[in-house]
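Data from target_15.pdb: PDB, C-alpha atoms, pLDDT in the B column
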```
ATOM      1  CA  MET A   1      28.897  -3.860   3.854  1.00 73.00           C
ATOM      2  CA  ALA A   2      26.677  -6.572   5.331  1.00 82.00           C
ATOM      3  CA  ARG A   3      23.904  -5.616   7.708  1.00 85.00           C
ATOM      4  CA  THR A   4      21.910  -7.676  10.158  1.00 85.00           C
ATOM      5  CA  ILE A   5      18.243  -7.187   9.367  1.00 80.00           C
ATOM      6  CA  THR A   6      16.384  -7.097  12.677  1.00 82.00           C
ATOM      7  CA  LYS A   7      12.773  -7.247  11.478  1.00 88.00           C
ATOM      8  CA  PRO A   8      11.230  -9.769   9.045  1.00 91.00           C
ATOM      9  CA  GLY A   9       9.285  -7.098   7.178  1.00 90.00           C
ATOM     10  CA  PHE A  10       9.437  -3.584   5.754  1.00 90.00           C
ATOM     11  CA  ASP A  11       7.986  -0.313   6.975  1.00 94.00           C
ATOM     12  CA  LEU A  12       6.770   1.620   3.942  1.00 95.00           C
ATOM     13  CA  GLY A  13       5.775   5.279   4.005  1.00 94.00           C
ATOM     14  CA  ILE A  14       3.341   6.820   1.538  1.00 95.00           C
ATOM     15  CA  VAL A  15       3.200  10.619   1.615  1.00 95.00           C
ATOM     16  CA  THR A  16      -0.310  11.909   0.963  1.00 94.00           C
ATOM     17  CA  THR A  17      -2.472  14.995   1.133  1.00 93.00           C
ATOM     18  CA  ASN A  18      -5.517  12.706   1.192  1.00 93.00           C
ATOM     19  CA  GLY A  19      -5.118  11.096   4.634  1.00 95.00           C
ATOM     20  CA  ASP A  20      -8.744  10.235   5.362  1.00 97.00           C
ATOM     21  CA  ALA A  21      -9.388   8.490   2.028  1.00 97.00           C
ATOM     22  CA  MET A  22      -6.043   6.667   2.159  1.00 97.00           C
ATOM     23  CA  LEU A  23      -6.693   5.424   5.711  1.00 98.00           C
ATOM     24  CA  GLU A  24     -10.176   4.263   4.753  1.00 98.00           C
ATOM     25  CA  PHE A  25      -8.838   2.407   1.688  1.00 98.00           C
ATOM     26  CA  TYR A  26      -6.002   0.563   3.411  1.00 98.00           C
ATOM     27  CA  ARG A  27      -7.872  -0.116   6.682  1.00 98.00           C
ATOM     28  CA  ASP A  28     -11.439  -0.745   5.526  1.00 98.00           C
ATOM     29  CA  VAL A  29     -11.015  -2.011   1.949  1.00 98.00           C
ATOM     30  CA  VAL A  30      -7.609  -3.728   1.888  1.00 97.00           C
ATOM     31  CA  GLY A  31      -8.012  -4.889   5.494  1.00 97.00           C
ATOM     32  CA  LEU A  32      -4.773  -3.791   7.148  1.00 98.00           C
ATOM     33  CA  GLU A  33      -4.890  -3.578  10.946  1.00 98.00           C
ATOM     34  CA  PHE A  34      -4.943   0.006  12.259  1.00 98.00           C
ATOM     35  CA  GLU A  35      -2.219   0.514  14.855  1.00 97.00           C
ATOM     36  CA  ALA A  36      -2.104   4.239  15.712  1.00 97.00           C
ATOM     37  CA  THR A  37      -2.211   7.825  14.501  1.00 97.00           C
ATOM     38  CA  LEU A  38       0.770   9.954  15.475  1.00 95.00           C
ATOM     39  CA  ALA A  39       1.418  13.700  15.218  1.00 91.00           C
ATOM     40  CA  LEU A  40       5.103  14.399  14.576  1.00 93.00           C
ATOM     41  CA  GLU A  41       5.145  18.116  13.793  1.00 93.00           C
ATOM     42  CA  ALA A  42       8.793  18.422  14.879  1.00 92.00           C
ATOM     43  CA  VAL A  43       9.773  16.452  11.759  1.00 93.00           C
ATOM     44  CA  GLY A  44       7.156  17.997   9.462  1.00 93.00           C
ATOM     45  CA  ILE A  45       4.443  15.340   9.820  1.00 94.00           C
ATOM     46  CA  ALA A  46       0.968  16.535  10.747  1.00 95.00           C
ATOM     47  CA  ARG A  47      -0.369  12.992  10.871  1.00 96.00           C
ATOM     48  CA  MET A  48       1.040   9.494  10.450  1.00 96.00           C
ATOM     49  CA  ASP A  49      -1.463   6.643  10.342  1.00 98.00           C
ATOM     50  CA  ARG A  50       0.266   3.313  11.020  1.00 97.00           C
ATOM     51  CA  LEU A  51      -1.266   0.092   9.680  1.00 98.00           C
ATOM     52  CA  ARG A  52       0.093  -3.411  10.229  1.00 97.00           C
ATOM     53  CA  CYS A  53       0.555  -6.052   7.580  1.00 96.00           C
ATOM     54  CA  ASN A  54       1.920  -8.936   9.641  1.00 95.00           C
ATOM     55  CA  ASP A  55       5.556  -7.947  10.309  1.00 95.00           C
ATOM     56  CA  SER A  56       5.408  -4.920   8.004  1.00 96.00           C
ATOM     57  CA  VAL A  57       3.982  -1.463   8.691  1.00 96.00           C
ATOM     58  CA  LEU A  58       2.401   0.871   6.174  1.00 97.00           C
ATOM     59  CA  LYS A  59       2.786   4.515   7.226  1.00 96.00           C
ATOM     60  CA  LEU A  60       0.373   7.008   5.661  1.00 96.00           C
ATOM     61  CA  VAL A  61       2.144  10.330   6.114  1.00 95.00           C
ATOM     62  CA  THR A  62       0.350  13.685   5.824  1.00 95.00           C
ATOM     63  CA  PRO A  63       2.982  16.452   5.929  1.00 94.00           C
ATOM     64  CA  VAL A  64       2.595  19.769   7.739  1.00 94.00           C
ATOM     65  CA  ALA A  65       3.535  21.756   4.608  1.00 93.00           C
ATOM     66  CA  ASP A  66       1.949  21.525   1.173  1.00 90.00           C
ATOM     67  CA  VAL A  67       3.714  19.079  -1.129  1.00 90.00           C
ATOM     68  CA  SER A  68       3.342  18.552  -4.857  1.00 89.00           C
ATOM     69  CA  GLU A  69       1.543  15.507  -6.190  1.00 84.00           C
ATOM     70  CA  GLY A  70       3.575  12.570  -7.431  1.00 84.00           C
ATOM     71  CA  THR A  71       3.617  11.238 -10.963  1.00 84.00           C
ATOM     72  CA  GLY A  72       0.789   8.811 -11.732  1.00 83.00           C
ATOM     73  CA  GLY A  73       0.839   6.007 -14.224  1.00 84.00           C
ATOM     74  CA  GLY A  74       1.950   3.089 -12.135  1.00 86.00           C
ATOM     75  CA  ILE A  75       4.838   1.053 -13.486  1.00 87.00           C
ATOM     76  CA  GLU A  76       5.042   3.057 -16.718  1.00 87.00           C
ATOM     77  CA  GLY A  77       4.773   6.471 -14.972  1.00 86.00           C
ATOM     78  CA  CYS A  78       8.419   7.025 -14.035  1.00 86.00           C
ATOM     79  CA  THR A  79      11.286   5.377 -12.205  1.00 86.00           C
ATOM     80  CA  GLY A  80      11.319   4.883  -8.453  1.00 84.00           C
ATOM     81  CA  LEU A  81       8.987   3.121  -6.075  1.00 86.00           C
ATOM     82  CA  ARG A  82       5.814   2.595  -8.125  1.00 90.00           C
ATOM     83  CA  TYR A  83       3.963  -0.241  -6.366  1.00 93.00           C
ATOM     84  CA  PHE A  84       4.152  -2.728  -3.529  1.00 94.00           C
ATOM     85  CA  THR A  85       2.939  -6.302  -3.224  1.00 95.00           C
ATOM     86  CA  MET A  86       0.772  -7.972  -0.590  1.00 95.00           C
ATOM     87  CA  SER A  87       0.379 -11.744  -0.381  1.00 94.00           C
ATOM     88  CA  VAL A  88      -3.269 -12.718   0.126  1.00 95.00           C
ATOM     89  CA  ASP A  89      -5.292 -15.909   0.242  1.00 96.00           C
ATOM     90  CA  ASP A  90      -7.757 -14.825  -2.494  1.00 96.00           C
ATOM     91  CA  VAL A  91      -6.621 -12.403  -5.208  1.00 96.00           C
ATOM     92  CA  THR A  92     -10.025 -12.362  -6.896  1.00 97.00           C
ATOM     93  CA  ALA A  93     -11.811 -11.358  -3.675  1.00 97.00           C
ATOM     94  CA  ALA A  94      -9.178  -8.705  -2.852  1.00 97.00           C
ATOM     95  CA  ALA A  95      -9.561  -7.099  -6.285  1.00 97.00           C
ATOM     96  CA  ALA A  96     -13.376  -7.322  -6.089  1.00 97.00           C
ATOM     97  CA  ASP A  97     -13.405  -5.604  -2.672  1.00 97.00           C
ATOM     98  CA  CYS A  98     -11.298  -2.762  -4.058  1.00 97.00           C
ATOM     99  CA  GLU A  99     -13.465  -2.421  -7.159  1.00 98.00           C
ATOM    100  CA  ALA A 100     -16.644  -2.401  -5.041  1.00 98.00           C
ATOM    101  CA  ALA A 101     -15.146   0.450  -3.016  1.00 97.00           C
ATOM    102  CA  GLY A 102     -14.498   2.433  -6.207  1.00 97.00           C
ATOM    103  CA  ALA A 103     -10.763   1.747  -6.541  1.00 97.00           C
ATOM    104  CA  PRO A 104      -9.608   1.253 -10.135  1.00 97.00           C
ATOM    105  CA  VAL A 105      -8.517  -2.290 -10.970  1.00 97.00           C
ATOM    106  CA  VAL A 106      -5.435  -1.866 -13.166  1.00 96.00           C
ATOM    107  CA  TRP A 107      -4.935  -5.576 -13.872  1.00 96.00           C
ATOM    108  CA  SER A 108      -7.814  -7.966 -13.301  1.00 97.00           C
ATOM    109  CA  PRO A 109      -6.900 -11.209 -11.545  1.00 98.00           C
ATOM    110  CA  MET A 110      -4.756 -13.376 -13.801  1.00 97.00           C
ATOM    111  CA  GLU A 111      -2.504 -16.387 -13.588  1.00 96.00           C
ATOM    112  CA  VAL A 112       1.018 -15.189 -14.478  1.00 96.00           C
ATOM    113  CA  ARG A 113       2.653 -18.584 -14.079  1.00 94.00           C
ATOM    114  CA  PRO A 114       1.386 -21.938 -12.843  1.00 96.00           C
ATOM    115  CA  GLY A 115       0.017 -21.538  -9.330  1.00 95.00           C
ATOM    116  CA  VAL A 116       0.588 -17.762  -9.141  1.00 96.00           C
ATOM    117  CA  MET A 117      -2.320 -15.312  -9.446  1.00 96.00           C
ATOM    118  CA  ILE A 118      -1.937 -11.532  -9.352  1.00 96.00           C
ATOM    119  CA  ALA A 119      -4.105  -8.434  -9.578  1.00 97.00           C
ATOM    120  CA  MET A 120      -3.165  -4.751  -9.436  1.00 96.00           C
ATOM    121  CA  VAL A 121      -5.338  -1.951  -8.027  1.00 97.00           C
ATOM    122  CA  GLU A 122      -4.914   1.770  -7.509  1.00 96.00           C
ATOM    123  CA  ASP A 123      -5.302   3.514  -4.147  1.00 95.00           C
ATOM    124  CA  PRO A 124      -6.979   6.947  -3.759  1.00 94.00           C
ATOM    125  CA  ASP A 125      -3.676   8.737  -4.480  1.00 93.00           C
ATOM    126  CA  GLY A 126      -2.903   6.699  -7.608  1.00 92.00           C
ATOM    127  CA  ASN A 127      -0.331   4.361  -6.037  1.00 93.00           C
ATOM    128  CA  TRP A 128      -0.489   0.803  -7.297  1.00 94.00           C
ATOM    129  CA  VAL A 129      -0.998  -2.167  -4.974  1.00 95.00           C
ATOM    130  CA  GLU A 130      -0.368  -5.678  -6.260  1.00 95.00           C
ATOM    131  CA  PHE A 131      -2.111  -8.648  -4.685  1.00 95.00           C
ATOM    132  CA  ILE A 132      -0.456 -12.044  -5.165  1.00 95.00           C
ATOM    133  CA  GLN A 133      -1.743 -15.524  -4.350  1.00 96.00           C
ATOM    134  CA  MET A 134       0.467 -18.593  -4.543  1.00 94.00           C
ATOM    135  CA  SER A 135      -1.049 -22.046  -4.394  1.00 89.00           C
TER     136      SER A 135
END
```
As structure tokens, the full file:
Amino acid sequence: MARTITKPGFDLGIVTTNGDAMLEFYRDVVGLEFEATLALEAVGIARMDRLRCNDSVLKLVTPVADVSEGTGGGIEGCTGLRYFTMSVDDVTAAAADCEAAGAPVVWSPMEVRPGVMIAMVEDPDGNWVEFIQMS
């Protein structure tokens, strides 16, 4: 069944028990624009930090109840959503900023095909973030 997509981006939620470190990483290191912090206890969310990435929104969700940690290991860890990609103007600088902030660099900047550079880093919860630069 065809759907009409009404927004030119995705909203992505990452569930965490490490809200402060995750907010600091995505706002201060990656450079996403902080939009708001919401409390939505009625649906089990103690805190949702919303960060903008152009038309997309990253939601850092801290639940009211304790939740178990996810499986680490990035792409090889298990099936399911394992990473997301952000287009940037300078992959090398993005990876260097993350490394300087103590985030592990999983893949150093590399050209994967002519005119396409990528790097992969790990956020404080072990989620992978890919940076891509196309020239």
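Of the residues listed (A:Gly73, A:Met22, A:Leu32, A:Asp90), A:Met22 shows the shortest atom-to-atom separation from A:Ala103; distances use all atoms listed in the file.
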### Message
Nearest residue to A:Leu23 out of A:Ser108, A:Thr85, A:Thr4, A:Thr62, using only C-alpha atoms?
### Response
A:Thr62
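Using all atoms listed in the file, the smallest distance between any of A:Glu130, A:Glu24, A:Ser56, A:Phe34 and A:Asp11 comes from A:Ser56.
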### Task
Would you mind listing what lies within 9 Å of A:Gly9 as a VMD selection string, with only C-alpha atoms counted and same-chain residues fewer than 4 positions away left out?
chain A and resid 53 to 57
### Query
Hey, what comes out of the PyMOL selection byres ((chain A and resi 36) around 7) on this file? Could you write it as a VMD selection string?
chain A and resid 34 to 35 37 to 38 49 to 50
### Message
I'd like the contact shell of A:Glu99 - 12 Å cut-off, all atoms listed in the file, skipping same-chain residues fewer than 5 positions apart - returned as a PyMOL selection string.
### Response
chain A and resi 25+29-30+92-94+104-109+119-124
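Closest approach to A:Glu111 among A:Val91, A:Cys98, A:Ile5, A:Val129 is made by A:Val91 (distances from all atoms listed in the file).
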### Query
What does the PyMOL selection byres ((chain A and resi 64) around 7) select in this file, as a list in words?
Glu41, Gly44, Ile45, Ala46, Thr62, Pro63, Ala65 and Asp66 of chain A
### Query
Hey, what comes out of the PyMOL selection byres ((chain A and resi 12) around 6) on this file? Could you write it as a list of chain:residue names?
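This file, filtered by the PyMOL selection byres ((chain A and resi 12) around 6), leaves A:Asp11, A:Gly13, A:Leu58, A:Lys59.
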Mind filling out stretch 78-89 of chain A with all heavy atoms and sending it as a PDB file, in the frame of the given file?
```pdb
ATOM      1  N   CYS A  78       7.070   6.501 -14.204  1.00 86.00           N
ATOM      2  CA  CYS A  78       8.419   7.025 -14.035  1.00 86.00           C
ATOM      3  C   CYS A  78       9.213   5.998 -13.234  1.00 86.00           C
ATOM      4  O   CYS A  78       8.666   4.990 -12.805  1.00 86.00           O
ATOM      5  CB  CYS A  78       8.421   8.385 -13.324  1.00 86.00           C
ATOM      6  SG  CYS A  78       7.893   8.339 -11.606  1.00 86.00           S
ATOM      7  N   THR A  79      10.478   6.290 -13.018  1.00 86.00           N
ATOM      8  CA  THR A  79      11.286   5.377 -12.205  1.00 86.00           C
ATOM      9  C   THR A  79      11.001   5.616 -10.729  1.00 86.00           C
ATOM     10  O   THR A  79      10.361   6.590 -10.348  1.00 86.00           O
ATOM     11  CB  THR A  79      12.788   5.585 -12.479  1.00 86.00           C
ATOM     12  OG1 THR A  79      13.131   6.929 -12.136  1.00 86.00           O
ATOM     13  CG2 THR A  79      13.128   5.301 -13.920  1.00 86.00           C
ATOM     14  N   GLY A  80      11.486   4.747  -9.897  1.00 84.00           N
ATOM     15  CA  GLY A  80      11.319   4.883  -8.453  1.00 84.00           C
ATOM     16  C   GLY A  80      10.313   3.879  -7.932  1.00 84.00           C
ATOM     17  O   GLY A  80       9.877   2.968  -8.639  1.00 84.00           O
ATOM     18  N   LEU A  81       9.961   4.026  -6.678  1.00 86.00           N
ATOM     19  CA  LEU A  81       8.987   3.121  -6.075  1.00 86.00           C
ATOM     20  C   LEU A  81       7.625   3.385  -6.700  1.00 86.00           C
ATOM     21  O   LEU A  81       7.072   4.481  -6.577  1.00 86.00           O
ATOM     22  CB  LEU A  81       8.913   3.326  -4.565  1.00 86.00           C
ATOM     23  CG  LEU A  81      10.196   2.996  -3.804  1.00 86.00           C
ATOM     24  CD1 LEU A  81      10.064   3.386  -2.347  1.00 86.00           C
ATOM     25  CD2 LEU A  81      10.531   1.527  -3.943  1.00 86.00           C
ATOM     26  N   ARG A  82       7.062   2.408  -7.374  1.00 90.00           N
ATOM     27  CA  ARG A  82       5.814   2.595  -8.125  1.00 90.00           C
ATOM     28  C   ARG A  82       4.680   1.719  -7.604  1.00 90.00           C
ATOM     29  O   ARG A  82       3.520   1.970  -7.876  1.00 90.00           O
ATOM     30  CB  ARG A  82       6.031   2.306  -9.616  1.00 90.00           C
ATOM     31  CG  ARG A  82       7.136   3.138 -10.263  1.00 90.00           C
ATOM     32  CD  ARG A  82       6.921   4.627 -10.121  1.00 90.00           C
ATOM     33  NE  ARG A  82       5.693   5.007 -10.766  1.00 90.00           N
ATOM     34  CZ  ARG A  82       5.004   6.088 -10.467  1.00 90.00           C
ATOM     35  NH1 ARG A  82       5.411   6.906  -9.541  1.00 90.00           N
ATOM     36  NH2 ARG A  82       3.896   6.358 -11.089  1.00 90.00           N
ATOM     37  N   TYR A  83       4.998   0.638  -6.900  1.00 93.00           N
ATOM     38  CA  TYR A  83       3.963  -0.241  -6.366  1.00 93.00           C
ATOM     39  C   TYR A  83       4.561  -1.089  -5.265  1.00 93.00           C
ATOM     40  O   TYR A  83       5.770  -1.170  -5.118  1.00 93.00           O
ATOM     41  CB  TYR A  83       3.357  -1.121  -7.462  1.00 93.00           C
ATOM     42  CG  TYR A  83       4.248  -2.240  -7.956  1.00 93.00           C
ATOM     43  CD1 TYR A  83       4.096  -3.537  -7.475  1.00 93.00           C
ATOM     44  CD2 TYR A  83       5.234  -2.006  -8.906  1.00 93.00           C
ATOM     45  CE1 TYR A  83       4.922  -4.560  -7.922  1.00 93.00           C
ATOM     46  CE2 TYR A  83       6.047  -3.013  -9.364  1.00 93.00           C
ATOM     47  CZ  TYR A  83       5.886  -4.301  -8.872  1.00 93.00           C
ATOM     48  OH  TYR A  83       6.699  -5.312  -9.315  1.00 93.00           O
ATOM     49  N   PHE A  84       3.691  -1.720  -4.477  1.00 94.00           N
ATOM     50  CA  PHE A  84       4.152  -2.728  -3.529  1.00 94.00           C
ATOM     51  C   PHE A  84       3.196  -3.905  -3.588  1.00 94.00           C
ATOM     52  O   PHE A  84       2.094  -3.813  -4.121  1.00 94.00           O
ATOM     53  CB  PHE A  84       4.303  -2.160  -2.105  1.00 94.00           C
ATOM     54  CG  PHE A  84       3.024  -1.754  -1.430  1.00 94.00           C
ATOM     55  CD1 PHE A  84       2.406  -2.597  -0.532  1.00 94.00           C
ATOM     56  CD2 PHE A  84       2.462  -0.511  -1.668  1.00 94.00           C
ATOM     57  CE1 PHE A  84       1.241  -2.223   0.108  1.00 94.00           C
ATOM     58  CE2 PHE A  84       1.307  -0.116  -1.031  1.00 94.00           C
ATOM     59  CZ  PHE A  84       0.686  -0.979  -0.137  1.00 94.00           C
ATOM     60  N   THR A  85       3.656  -5.041  -3.083  1.00 95.00           N
ATOM     61  CA  THR A  85       2.939  -6.302  -3.224  1.00 95.00           C
ATOM     62  C   THR A  85       2.523  -6.833  -1.861  1.00 95.00           C
ATOM     63  O   THR A  85       3.308  -6.804  -0.918  1.00 95.00           O
ATOM     64  CB  THR A  85       3.835  -7.340  -3.927  1.00 95.00           C
ATOM     65  OG1 THR A  85       4.247  -6.810  -5.190  1.00 95.00           O
ATOM     66  CG2 THR A  85       3.104  -8.655  -4.138  1.00 95.00           C
ATOM     67  N   MET A  86       1.291  -7.316  -1.792  1.00 95.00           N
ATOM     68  CA  MET A  86       0.772  -7.972  -0.590  1.00 95.00           C
ATOM     69  C   MET A  86       0.342  -9.384  -0.944  1.00 95.00           C
ATOM     70  O   MET A  86      -0.429  -9.571  -1.891  1.00 95.00           O
ATOM     71  CB  MET A  86      -0.424  -7.198  -0.028  1.00 95.00           C
ATOM     72  CG  MET A  86      -0.082  -5.829   0.488  1.00 95.00           C
ATOM     73  SD  MET A  86      -1.540  -4.908   1.047  1.00 95.00           S
ATOM     74  CE  MET A  86      -2.304  -6.073   2.151  1.00 95.00           C
ATOM     75  N   SER A  87       0.806 -10.359  -0.190  1.00 94.00           N
ATOM     76  CA  SER A  87       0.379 -11.744  -0.381  1.00 94.00           C
ATOM     77  C   SER A  87      -0.960 -11.943   0.319  1.00 94.00           C
ATOM     78  O   SER A  87      -1.106 -11.587   1.492  1.00 94.00           O
ATOM     79  CB  SER A  87       1.418 -12.708   0.204  1.00 94.00           C
ATOM     80  OG  SER A  87       2.622 -12.598  -0.500  1.00 94.00           O
ATOM     81  N   VAL A  88      -1.929 -12.491  -0.414  1.00 95.00           N
ATOM     82  CA  VAL A  88      -3.269 -12.718   0.126  1.00 95.00           C
ATOM     83  C   VAL A  88      -3.717 -14.136  -0.183  1.00 95.00           C
ATOM     84  O   VAL A  88      -3.122 -14.826  -1.012  1.00 95.00           O
ATOM     85  CB  VAL A  88      -4.291 -11.698  -0.462  1.00 95.00           C
ATOM     86  CG1 VAL A  88      -3.915 -10.275  -0.066  1.00 95.00           C
ATOM     87  CG2 VAL A  88      -4.392 -11.821  -1.968  1.00 95.00           C
ATOM     88  N   ASP A  89      -4.789 -14.558   0.471  1.00 96.00           N
ATOM     89  CA  ASP A  89      -5.292 -15.909   0.242  1.00 96.00           C
ATOM     90  C   ASP A  89      -6.279 -15.985  -0.921  1.00 96.00           C
ATOM     91  O   ASP A  89      -6.590 -17.070  -1.388  1.00 96.00           O
ATOM     92  CB  ASP A  89      -5.927 -16.477   1.513  1.00 96.00           C
ATOM     93  CG  ASP A  89      -7.150 -15.698   1.975  1.00 96.00           C
ATOM     94  OD1 ASP A  89      -7.404 -14.582   1.466  1.00 96.00           O
ATOM     95  OD2 ASP A  89      -7.858 -16.208   2.855  1.00 96.00           O
TER      96      ASP A  89
END
```
